[in-house]
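Peer 1: Coordinates in work35.cif, mmCIF, C-alpha atoms, are listed below.
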```cif
data_work
loop_
_atom_site.group_PDB
_atom_site.id
_atom_site.type_symbol
_atom_site.label_atom_id
_atom_site.label_comp_id
_atom_site.auth_asym_id
_atom_site.auth_seq_id
_atom_site.Cartn_x
_atom_site.Cartn_y
_atom_site.Cartn_z
ATOM 1 C CA MET A 453 7.877 -6.200 11.873
ATOM 2 C CA PRO A 454 7.024 -5.223 15.442
ATOM 3 C CA VAL A 455 3.897 -3.133 15.809
ATOM 4 C CA ARG A 456 2.901 -1.306 18.980
ATOM 5 C CA ALA A 457 -0.012 -2.418 21.135
ATOM 6 C CA TYR A 458 -3.128 -0.296 21.530
ATOM 7 C CA PRO A 459 -4.482 0.046 25.068
ATOM 8 C CA SER A 460 -8.214 0.232 25.576
ATOM 9 C CA ARG A 461 -9.879 2.443 28.143
ATOM 10 C CA ALA A 462 -10.043 -0.625 30.348
ATOM 11 C CA ASN A 463 -7.026 -2.014 32.234
ATOM 12 C CA GLY A 464 -5.856 -4.418 29.577
ATOM 13 C CA VAL A 465 -4.112 -3.974 26.267
ATOM 14 C CA SER A 466 -4.640 -5.389 22.830
ATOM 15 C CA PRO A 467 -1.325 -6.988 21.829
ATOM 16 C CA ILE A 468 -0.553 -6.664 18.131
ATOM 17 C CA SER A 469 2.530 -8.596 17.072
ATOM 18 C CA THR A 470 1.991 -8.776 13.335
ATOM 19 C CA VAL A 471 1.170 -6.373 10.561
ATOM 20 C CA ARG A 472 -2.544 -5.938 9.968
ATOM 21 C CA THR A 473 -4.347 -4.995 6.772
ATOM 22 C CA ALA A 474 -6.861 -2.169 6.527
ATOM 23 C CA VAL A 475 -8.945 -1.670 3.385
ATOM 24 C CA PHE A 476 -10.450 1.787 2.865
ATOM 25 C CA PHE A 477 -13.433 1.715 0.498
ATOM 26 C CA HIS A 478 -14.473 5.004 -1.098
ATOM 27 C CA ALA A 479 -16.850 6.104 -3.840
ATOM 28 C CA HIS A 480 -14.642 8.514 -5.792
ATOM 29 C CA PRO A 481 -11.048 9.733 -5.898
ATOM 30 C CA ASP A 482 -10.594 12.521 -3.289
ATOM 31 C CA ASP A 483 -13.129 11.021 -0.844
ATOM 32 C CA GLU A 484 -10.240 9.301 0.927
ATOM 33 C CA ALA A 485 -8.433 12.627 1.309
ATOM 34 C CA LEU A 486 -11.398 14.282 2.967
ATOM 35 C CA LEU A 487 -12.513 11.556 5.381
ATOM 36 C CA THR A 488 -9.801 8.993 6.136
ATOM 37 C CA SER A 489 -6.397 10.134 4.869
ATOM 38 C CA GLY A 490 -4.992 10.895 8.313
ATOM 39 C CA THR A 491 -5.937 7.442 9.575
ATOM 40 C CA MET A 492 -4.479 5.839 6.465
ATOM 41 C CA ALA A 493 -1.171 7.665 6.904
ATOM 42 C CA MET A 494 -1.080 6.756 10.594
ATOM 43 C CA LEU A 495 -1.651 3.053 9.970
ATOM 44 C CA ALA A 496 0.924 2.972 7.172
ATOM 45 C CA ALA A 497 3.474 4.705 9.425
ATOM 46 C CA GLU A 498 2.815 2.082 12.109
ATOM 47 C CA GLY A 499 3.718 -0.642 9.648
ATOM 48 C CA HIS A 500 0.264 -1.861 8.684
ATOM 49 C CA ARG A 501 -0.749 -2.628 5.108
ATOM 50 C CA VAL A 502 -3.142 0.002 3.780
ATOM 51 C CA VAL A 503 -5.246 -0.736 0.686
ATOM 52 C CA LEU A 504 -7.341 1.915 -1.044
ATOM 53 C CA VAL A 505 -10.357 0.812 -3.109
ATOM 54 C CA VAL A 506 -12.600 3.181 -5.062
ATOM 55 C CA ALA A 507 -15.861 2.241 -6.736
ATOM 56 C CA THR A 508 -15.600 4.778 -9.580
ATOM 57 C CA SER A 509 -13.136 7.123 -11.236
ATOM 58 C CA GLY A 510 -15.299 10.142 -10.431
ATOM 59 C CA GLU A 511 -15.692 11.087 -14.081
ATOM 60 C CA LEU A 512 -18.844 13.138 -13.459
ATOM 61 C CA GLY A 513 -17.277 15.394 -10.852
ATOM 62 C CA GLN A 514 -16.929 19.148 -11.216
ATOM 63 C CA ALA A 515 -13.605 20.256 -12.671
ATOM 64 C CA ASP A 516 -12.044 22.440 -15.327
ATOM 65 C CA LEU A 517 -12.018 19.348 -17.559
ATOM 66 C CA GLU A 518 -15.344 18.368 -19.095
ATOM 67 C CA PRO A 519 -17.034 15.425 -17.348
ATOM 68 C CA GLY A 520 -16.191 12.125 -19.008
ATOM 69 C CA GLU A 521 -13.366 9.751 -19.778
ATOM 70 C CA ALA A 522 -10.583 12.362 -19.684
ATOM 71 C CA LEU A 523 -11.644 13.618 -16.274
ATOM 72 C CA GLY A 524 -11.892 10.063 -14.977
ATOM 73 C CA ALA A 525 -8.339 9.299 -16.121
ATOM 74 C CA ALA A 526 -7.067 12.517 -14.537
ATOM 75 C CA ARG A 527 -8.753 11.736 -11.240
ATOM 76 C CA ILE A 528 -7.364 8.202 -11.114
ATOM 77 C CA ALA A 529 -3.872 9.631 -11.668
ATOM 78 C CA GLU A 530 -4.546 12.000 -8.779
ATOM 79 C CA LEU A 531 -5.719 9.055 -6.687
ATOM 80 C CA TYR A 532 -2.383 7.307 -7.144
ATOM 81 C CA ARG A 533 -0.516 10.461 -6.115
ATOM 82 C CA SER A 534 -2.676 10.716 -3.015
ATOM 83 C CA ALA A 535 -2.103 7.043 -2.188
ATOM 84 C CA ALA A 536 1.663 7.491 -2.526
ATOM 85 C CA ALA A 537 1.591 10.437 -0.120
ATOM 86 C CA LEU A 538 -0.279 8.319 2.426
ATOM 87 C CA GLY A 539 1.881 5.210 2.143
ATOM 88 C CA CYS A 540 -0.746 2.915 0.594
ATOM 89 C CA ALA A 541 0.476 -0.496 -0.504
ATOM 90 C CA ARG A 542 -2.210 -1.035 -3.160
ATOM 91 C CA VAL A 543 -4.872 0.896 -5.068
ATOM 92 C CA VAL A 544 -7.882 -0.747 -6.745
ATOM 93 C CA ASN A 545 -10.577 0.829 -8.920
ATOM 94 C CA LEU A 546 -13.668 -1.370 -9.204
ATOM 95 C CA GLY A 547 -14.474 0.420 -12.471
ATOM 96 C CA TYR A 548 -18.116 1.360 -11.974
ATOM 97 C CA GLY A 549 -19.455 4.551 -13.500
ATOM 98 C CA ASP A 550 -19.834 7.696 -11.417
ATOM 99 C CA SER A 551 -23.568 8.060 -10.702
ATOM 100 C CA GLY A 552 -23.318 11.834 -10.470
ATOM 101 C CA LEU A 553 -25.708 14.175 -8.713
ATOM 102 C CA ALA A 554 -28.927 15.755 -9.926
ATOM 103 C CA PRO A 555 -29.007 19.574 -9.569
ATOM 104 C CA GLY A 556 -31.255 19.328 -6.518
ATOM 105 C CA GLY A 557 -29.431 16.316 -5.081
ATOM 106 C CA GLY A 558 -30.195 12.642 -5.575
ATOM 107 C CA VAL A 559 -29.250 10.466 -8.537
ATOM 108 C CA ALA A 560 -28.520 12.162 -11.851
ATOM 109 C CA GLU A 561 -30.750 11.149 -14.750
ATOM 110 C CA ASP A 562 -27.889 11.221 -17.271
ATOM 111 C CA ARG A 563 -25.692 8.769 -15.381
ATOM 112 C CA PRO A 564 -23.736 6.141 -17.365
ATOM 113 C CA ASP A 565 -25.070 2.664 -18.057
ATOM 114 C CA ASN A 566 -22.649 1.105 -15.559
ATOM 115 C CA ALA A 567 -23.360 3.639 -12.794
ATOM 116 C CA PHE A 568 -22.427 2.338 -9.360
ATOM 117 C CA ILE A 569 -25.867 3.149 -7.970
ATOM 118 C CA ASP A 570 -27.440 0.855 -10.608
ATOM 119 C CA ALA A 571 -25.021 -2.024 -10.050
ATOM 120 C CA ASP A 572 -26.219 -5.342 -8.679
ATOM 121 C CA GLY A 573 -25.437 -4.896 -4.987
ATOM 122 C CA GLU A 574 -24.660 -8.540 -4.325
ATOM 123 C CA GLU A 575 -22.320 -8.802 -7.310
ATOM 124 C CA ALA A 576 -20.501 -5.608 -6.320
ATOM 125 C CA ALA A 577 -20.204 -6.860 -2.752
ATOM 126 C CA ARG A 578 -18.692 -10.128 -3.914
ATOM 127 C CA ARG A 579 -16.129 -8.247 -6.014
ATOM 128 C CA LEU A 580 -15.089 -6.237 -2.984
ATOM 129 C CA ALA A 581 -15.213 -9.322 -0.763
ATOM 130 C CA ALA A 582 -12.751 -11.043 -3.102
ATOM 131 C CA ILE A 583 -10.271 -8.230 -2.421
ATOM 132 C CA LEU A 584 -10.896 -8.450 1.327
ATOM 133 C CA THR A 585 -10.304 -12.201 1.230
ATOM 134 C CA GLU A 586 -7.197 -11.899 -0.933
ATOM 135 C CA GLU A 587 -5.771 -9.276 1.403
ATOM 136 C CA ARG A 588 -6.905 -11.130 4.539
ATOM 137 C CA ALA A 589 -8.250 -7.778 5.647
ATOM 138 C CA ASP A 590 -8.604 -7.134 9.359
ATOM 139 C CA LEU A 591 -10.537 -3.910 8.862
ATOM 140 C CA LEU A 592 -12.779 -2.278 6.264
ATOM 141 C CA THR A 593 -13.963 1.316 6.254
ATOM 142 C CA ILE A 594 -17.211 2.296 4.556
ATOM 143 C CA TYR A 595 -19.568 5.278 5.081
ATOM 144 C CA ASP A 596 -22.460 5.827 7.463
ATOM 145 C CA PRO A 597 -25.998 4.925 6.263
ATOM 146 C CA ALA A 598 -26.597 8.500 5.081
ATOM 147 C CA GLY A 599 -23.536 8.326 2.865
ATOM 148 C CA GLY A 600 -22.161 11.366 4.670
ATOM 149 C CA TYR A 601 -23.825 14.224 2.828
ATOM 150 C CA GLY A 602 -26.125 11.900 0.886
ATOM 151 C CA HIS A 603 -24.376 11.320 -2.444
ATOM 152 C CA PRO A 604 -26.004 8.189 -3.936
ATOM 153 C CA ASP A 605 -22.621 6.559 -4.585
ATOM 154 C CA HIS A 606 -21.718 7.059 -0.933
ATOM 155 C CA VAL A 607 -24.925 5.396 0.181
ATOM 156 C CA GLN A 608 -24.105 2.508 -2.146
ATOM 157 C CA VAL A 609 -20.637 2.233 -0.573
ATOM 158 C CA HIS A 610 -22.345 1.714 2.783
ATOM 159 C CA ARG A 611 -24.591 -1.030 1.399
ATOM 160 C CA VAL A 612 -22.019 -2.813 -0.741
ATOM 161 C CA GLY A 613 -19.218 -2.505 1.804
ATOM 162 C CA GLY A 614 -21.310 -3.805 4.672
ATOM 163 C CA ARG A 615 -22.369 -6.838 2.666
ATOM 164 C CA ALA A 616 -18.803 -7.470 1.439
ATOM 165 C CA ALA A 617 -17.557 -7.549 5.027
ATOM 166 C CA GLU A 618 -20.213 -10.143 5.846
ATOM 167 C CA ILE A 619 -19.174 -12.333 2.910
ATOM 168 C CA ALA A 620 -15.447 -12.054 3.649
ATOM 169 C CA GLU A 621 -15.976 -12.217 7.424
ATOM 170 C CA THR A 622 -13.901 -9.081 7.913
ATOM 171 C CA PRO A 623 -13.859 -8.604 11.690
ATOM 172 C CA ILE A 624 -13.789 -4.813 11.976
ATOM 173 C CA VAL A 625 -16.054 -2.493 9.958
ATOM 174 C CA LEU A 626 -15.778 1.235 10.585
ATOM 175 C CA GLU A 627 -18.148 3.788 9.079
ATOM 176 C CA ALA A 628 -16.154 6.902 8.167
ATOM 177 C CA THR A 629 -18.163 9.968 9.078
ATOM 178 C CA VAL A 630 -18.021 13.453 10.593
ATOM 179 C CA ASN A 631 -19.259 14.531 13.999
ATOM 180 C CA ARG A 632 -22.408 16.413 13.042
ATOM 181 C CA ASP A 633 -22.651 18.405 16.282
ATOM 182 C CA PRO A 634 -19.573 20.672 15.949
ATOM 183 C CA LEU A 635 -20.099 20.766 12.179
ATOM 184 C CA LEU A 636 -23.533 22.365 12.599
ATOM 185 C CA LYS A 637 -22.222 24.820 15.173
ATOM 186 C CA GLY A 638 -19.433 25.856 12.813
ATOM 187 C CA LEU A 639 -21.767 26.219 9.849
ATOM 188 C CA LYS A 640 -24.123 28.413 11.845
ATOM 189 C CA LEU A 641 -21.210 30.731 12.590
ATOM 190 C CA VAL A 642 -20.159 30.751 8.941
ATOM 191 C CA ARG A 643 -23.726 31.585 7.893
ATOM 192 C CA ARG A 644 -23.325 35.003 9.517
ATOM 193 C CA PHE A 645 -20.868 35.837 6.744
ATOM 194 C CA TYR A 646 -22.486 33.707 4.000
ATOM 195 C CA PRO A 647 -26.288 34.078 4.451
ATOM 196 C CA ARG A 648 -26.972 31.841 1.442
ATOM 197 C CA LEU A 649 -25.449 28.853 3.223
ATOM 198 C CA ASP A 650 -28.187 26.271 3.793
ATOM 199 C CA VAL A 651 -27.409 24.777 7.186
ATOM 200 C CA ARG A 652 -30.584 22.671 7.076
ATOM 201 C CA ALA A 653 -29.011 20.502 4.385
ATOM 202 C CA PHE A 654 -26.554 19.215 7.000
ATOM 203 C CA GLU A 655 -29.023 18.532 9.801
ATOM 204 C CA ARG A 656 -29.319 14.896 8.723
ATOM 205 C CA ALA A 657 -25.833 14.565 7.242
ATOM 206 C CA TYR A 658 -23.074 12.438 8.771
ATOM 207 C CA SER A 659 -23.507 11.216 12.376
ATOM 208 C CA PRO A 660 -24.485 12.763 15.714
ATOM 209 C CA GLY A 661 -21.733 12.749 18.315
ATOM 210 C CA GLU A 662 -23.576 10.313 20.575
ATOM 211 C CA THR A 663 -23.260 7.531 17.970
ATOM 212 C CA ILE A 664 -19.562 7.994 17.203
ATOM 213 C CA THR A 665 -17.309 5.290 18.647
ATOM 214 C CA HIS A 666 -13.870 6.317 17.305
ATOM 215 C CA ARG A 667 -12.192 9.705 17.498
ATOM 216 C CA VAL A 668 -8.785 9.236 15.887
ATOM 217 C CA ASN A 669 -6.198 11.950 16.500
ATOM 218 C CA VAL A 670 -4.307 12.406 13.223
ATOM 219 C CA ARG A 671 -2.643 15.764 13.892
ATOM 220 C CA ARG A 672 0.825 14.202 13.584
ATOM 221 C CA PHE A 673 -0.097 13.268 10.028
ATOM 222 C CA ALA A 674 -1.462 16.639 8.953
ATOM 223 C CA ARG A 675 1.340 16.995 6.382
ATOM 224 C CA GLN A 676 0.388 13.723 4.687
ATOM 225 C CA LYS A 677 -3.307 14.550 4.862
ATOM 226 C CA ARG A 678 -2.731 17.914 3.259
ATOM 227 C CA ALA A 679 -0.580 16.313 0.563
ATOM 228 C CA SER A 680 -3.385 13.837 -0.131
ATOM 229 C CA MET A 681 -5.855 16.699 -0.581
ATOM 230 C CA ALA A 682 -3.429 18.661 -2.754
ATOM 231 C CA ALA A 683 -2.976 15.628 -5.015
ATOM 232 C CA HIS A 684 -6.604 16.036 -6.143
ATOM 233 C CA ALA A 685 -5.988 19.331 -7.916
ATOM 234 C CA SER A 686 -8.905 18.865 -10.313
ATOM 235 C CA GLN A 687 -11.325 18.930 -7.391
ATOM 236 C CA ALA A 688 -10.082 22.232 -6.046
ATOM 237 C CA THR A 689 -11.300 24.031 -9.191
ATOM 238 C CA GLY A 690 -14.242 23.990 -11.579
ATOM 239 C CA ALA A 691 -16.870 25.795 -9.502
ATOM 240 C CA ASP A 692 -17.313 29.025 -7.581
ATOM 241 C CA THR A 693 -16.474 27.439 -4.209
ATOM 242 C CA ARG A 694 -14.948 23.980 -3.905
ATOM 243 C CA THR A 695 -14.733 22.354 -0.502
ATOM 244 C CA LEU A 696 -11.280 20.954 -1.186
ATOM 245 C CA GLY A 697 -9.985 24.310 -2.398
ATOM 246 C CA VAL A 698 -11.235 26.040 0.758
ATOM 247 C CA MET A 699 -9.625 23.403 2.970
ATOM 248 C CA LEU A 700 -6.261 23.764 1.270
ATOM 249 C CA ARG A 701 -6.277 27.496 1.939
ATOM 250 C CA VAL A 702 -6.468 26.998 5.715
ATOM 251 C CA PRO A 703 -3.137 28.051 7.342
ATOM 252 C CA GLU A 704 -1.032 25.167 8.672
ATOM 253 C CA PRO A 705 -1.578 25.659 12.452
ATOM 254 C CA PHE A 706 -5.340 25.925 12.001
ATOM 255 C CA TYR A 707 -5.325 23.032 9.540
ATOM 256 C CA ARG A 708 -3.926 20.698 12.204
ATOM 257 C CA LEU A 709 -6.587 21.864 14.635
ATOM 258 C CA ILE A 710 -9.562 21.734 12.266
ATOM 259 C CA PHE A 711 -8.690 18.527 10.432
ATOM 260 C CA GLY A 712 -6.775 16.773 13.200
ATOM 261 C CA THR A 713 -9.553 14.324 14.137
ATOM 262 C CA GLU A 714 -11.217 11.658 12.015
ATOM 263 C CA TRP A 715 -14.444 10.036 13.159
ATOM 264 C CA TYR A 716 -15.841 6.526 12.785
ATOM 265 C CA VAL A 717 -18.806 4.475 13.924
ATOM 266 C CA ARG A 718 -18.405 0.793 14.723
ATOM 267 C CA ARG A 719 -21.790 -0.862 15.080
ATOM 268 C CA ASP A 720 -20.715 -3.886 17.154
ATOM 269 C CA VAL A 721 -19.422 -1.827 20.083
ATOM 270 C CA PRO A 722 -21.474 0.306 22.499
ATOM 271 C CA SER A 723 -22.711 3.525 20.930
ATOM 272 C CA GLY A 724 -20.757 6.519 22.145
ATOM 273 C CA SER A 725 -17.602 4.541 22.993
ATOM 274 C CA ARG A 726 -14.458 6.665 23.206
ATOM 275 C CA LEU A 727 -11.999 4.614 21.181
ATOM 276 C CA ARG A 728 -8.894 6.263 19.809
ATOM 277 C CA HIS A 729 -7.427 3.802 17.320
ATOM 278 C CA PRO A 730 -9.050 1.677 14.590
ATOM 279 C CA PHE A 731 -7.634 -1.520 16.099
ATOM 280 C CA GLU A 732 -8.325 -0.652 19.735
ATOM 281 C CA ILE A 733 -10.222 -3.302 21.655
ATOM 282 C CA PRO A 734 -13.369 -1.866 23.274
ATOM 283 C CA PRO A 735 -13.684 -2.259 27.050
ATOM 284 C CA LYS A 736 -15.655 -5.252 28.316
ATOM 285 C CA GLY A 737 -18.835 -4.873 30.303
#
```
Just give me the structure of the file as structure tokens.
Peer 2:
Amino acid sequence: MPVRAYPSRANGVSPISTVRTAVFFHAHPDDEALLTSGTMAMLAAEGHRVVLVVATSGELGQADLEPGEALGAARIAELYRSAAALGCARVVNLGYGDSGLAPGGGVAEDRPDNAFIDADGEEAARRLAAILTEERADLLTIYDPAGGYGHPDHVQVHRVGGRAAEIAETPIVLEATVNRDPLLKGLKLVRRFYPRLDVRAFERAYSPGETITHRVNVRRFARQKRASMAAHASQATGADTRTLGVMLRVPEPFYRLIFGTEWYVRRDVPSGSRLRHPFEIPPKG
């Protein structure tokens, strides 16, 4: 299957003549919808093989269902609906327990015995590496060192995923993140209407713009991204204000504008590079 080439910001191009495989590693069902779904849909549309791996079923998340096995099963079913909307070729659940969050943040004390945060990091990395090797993955996405907003399972994804890529010798590792700079500006504006909003909690979340290497335009795939979010219906309810529920209420034209870019950091290219595609070759020199 012919696949288009991706020019760099230099004079050359990166010829791609065969289908590549991208593995997206996430902590819980719905994380893919929020951070990487546009990129996943784009790569699938271009003919690449997209594999979605989650560490847990998210059974301790907030929802109308009580936390536990039933919620986990419901969220995995939602994950498959999301994956179908994005064109994923395969979905894998590593089967670890959701570590949950303590009321003030951090690791919950009542987490299950097999919580992902308590897993042997090397063993978990080798399990993921086996999938990367089987798939002959060209790319793996993980999270930034802060785990985005700091959820312990997200931090563990960063650790385990980075080590798995080393074991499997996966050539491209992208840390899915959000550009912190415009996020803080937007939150400060929102705080005028919601004074209780704690902007300080986001001052160390995600990644500053100067470190971001990839800004992927996914506006053409806004429909698929929105469908991926909508698939996780359980996560749009179950609390006073759910992030996913708020996002799904954004009108279509504004949705494309607000959620039309996905951000990544690749550590083996110059910080602040302006790359536009996950497989783009960075300029030399």
Peer 1: Run the PyMOL selection byres ((chain A and resi 684) around 8) mentally over the shown coordinates, then write out the matched residues as a list in words, using the chain letters and numbers from the document.
Peer 2: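 On this input, the PyMOL selection byres ((chain A and resi 684) around 8) captures Pro481, Asp482, Arg527, Glu530, Leu531, Ser534, Ser680, Met681, Ala682, Ala683, Ala685, Ser686, Gln687 and Ala688 of chain A.
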Peer 1: Within 10 Å of region 604-613 of chain A, which residues of region 493-536 of chain A come that close, and what is the closest atom pair and distance in Å for each? Count all atoms listed in the file and give it as a Markdown table.
Peer 2:
```
| residue | atom | partner | partner_atom | distance |
| --- | --- | --- | --- | --- |
| A:Val506 | CA | A:Val609 | CA | 9.3 |
| A:Ala507 | CA | A:Val609 | CA | 7.8 |
| A:Thr508 | CA | A:Asp605 | CA | 8.8 |
```
Peer 1: How many Å lie between CA of Val630 (chain A) and CA of His666 (chain A), rounded to one decimal?
Peer 2: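 Distance between the two atoms: 10.6 Å.
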Peer 1: Residues within 6 Å of region 472-480 of chain A, please, as a PyMOL selection string. Count all atoms listed in the file; anything in the same chain fewer than 5 positions from it doesn't count.
Peer 2: chain A and resi 500-510+589-594+605-606
Peer 1: Using all atoms listed in the file, find the one residue out of A:Gly712, A:Pro705, A:Pro722, A:Gly614 that sits nearest to Thr488 (chain A).
Peer 2: A:Gly712
Peer 1: Expressed in Å to a single decimal, how great is the separation between CA of Phe706 (chain A) and CA of Ala537 (chain A)?
Peer 2: 20.9 Å
Peer 1: Which polymer residues have any atom within 9 Å of an atom of region 557-562 of chain A, counting all atoms listed in the file, with same-chain residues fewer than 5 positions away left out, as a count of residues only?
Peer 2: 7
Peer 1: Rank nothing, just name the residue among A:Ile528, A:Ala617, A:Val717, A:Leu700 nearest to Ala577 (chain A), using all atoms listed in the file.
Peer 2: A:Ala617
Peer 1: Expand the PyMOL selection byres ((chain A and resi 726) around 7) into the individual residues it matches in the shown file, reporting them as a list in words.
Peer 2: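 Evaluating the PyMOL selection byres ((chain A and resi 726) around 7) on this file yields Thr665, His666, Arg667, Gly724, Ser725, Leu727 and Arg728 of chain A.
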Peer 1: May I ask which of the residues A:Val651, A:Glu587, A:Ala567, A:Tyr595 is the closest one to Ala620 (chain A), counting all atoms listed in the file?
Peer 2: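 Of A:Val651, A:Glu587, A:Ala567, A:Tyr595, the one nearest Ala620 (chain A), counting all atoms listed in the file, is A:Glu587.
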Peer 1: Any chance you could model N, CA, C and O atoms for region 499-514 of chain A and send them as a short mmCIF file (atom, residue, chain, number, x, y, z; two decimals), keeping the file's coordinate frame?
Peer 2:
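Result file follows (rebuild-v7.cif):
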```cif
data_model
loop_
_atom_site.label_atom_id
_atom_site.label_comp_id
_atom_site.auth_asym_id
_atom_site.auth_seq_id
_atom_site.Cartn_x
_atom_site.Cartn_y
_atom_site.Cartn_z
N GLY A 499 3.28 0.60 10.25
CA GLY A 499 3.72 -0.64 9.65
C GLY A 499 2.62 -1.53 9.13
O GLY A 499 2.87 -2.65 8.66
N HIS A 500 1.38 -1.07 9.20
CA HIS A 500 0.26 -1.86 8.68
C HIS A 500 0.16 -1.72 7.17
O HIS A 500 0.66 -0.76 6.58
N ARG A 501 -0.51 -2.67 6.54
CA ARG A 501 -0.75 -2.63 5.11
C ARG A 501 -2.06 -1.88 4.87
O ARG A 501 -3.11 -2.26 5.40
N VAL A 502 -1.99 -0.84 4.07
CA VAL A 502 -3.14 0.00 3.78
C VAL A 502 -3.51 -0.15 2.31
O VAL A 502 -2.67 0.07 1.42
N VAL A 503 -4.75 -0.52 2.05
CA VAL A 503 -5.25 -0.74 0.69
C VAL A 503 -6.39 0.24 0.44
O VAL A 503 -7.31 0.35 1.25
N LEU A 504 -6.32 0.93 -0.68
CA LEU A 504 -7.34 1.92 -1.04
C LEU A 504 -8.15 1.39 -2.23
O LEU A 504 -7.59 1.08 -3.28
N VAL A 505 -9.46 1.28 -2.05
CA VAL A 505 -10.36 0.81 -3.11
C VAL A 505 -11.37 1.91 -3.40
O VAL A 505 -11.98 2.45 -2.47
N VAL A 506 -11.55 2.24 -4.67
CA VAL A 506 -12.60 3.18 -5.06
C VAL A 506 -13.58 2.46 -5.99
O VAL A 506 -13.20 1.58 -6.76
N ALA A 507 -14.83 2.85 -5.90
CA ALA A 507 -15.86 2.24 -6.74
C ALA A 507 -15.85 2.80 -8.14
O ALA A 507 -16.15 2.10 -9.11
N THR A 508 -15.53 4.09 -8.28
CA THR A 508 -15.60 4.78 -9.58
C THR A 508 -14.38 5.67 -9.77
O THR A 508 -13.62 5.92 -8.83
N SER A 509 -14.22 6.18 -10.96
CA SER A 509 -13.14 7.12 -11.24
C SER A 509 -13.57 8.57 -11.05
O SER A 509 -12.78 9.49 -11.25
N GLY A 510 -14.83 8.79 -10.68
CA GLY A 510 -15.30 10.14 -10.43
C GLY A 510 -15.39 11.00 -11.67
O GLY A 510 -15.22 12.22 -11.62
N GLU A 511 -15.73 10.37 -12.79
CA GLU A 511 -15.69 11.09 -14.08
C GLU A 511 -16.79 12.12 -14.27
O GLU A 511 -16.76 12.89 -15.22
N LEU A 512 -17.78 12.14 -13.36
CA LEU A 512 -18.84 13.14 -13.46
C LEU A 512 -18.68 14.28 -12.46
O LEU A 512 -19.58 15.10 -12.29
N GLY A 513 -17.52 14.33 -11.82
CA GLY A 513 -17.28 15.39 -10.85
C GLY A 513 -17.10 16.74 -11.52
O GLY A 513 -16.92 16.85 -12.73
N GLN A 514 -17.16 17.79 -10.71
CA GLN A 514 -16.93 19.15 -11.22
C GLN A 514 -15.43 19.38 -11.34
O GLN A 514 -14.66 19.04 -10.46
#
```
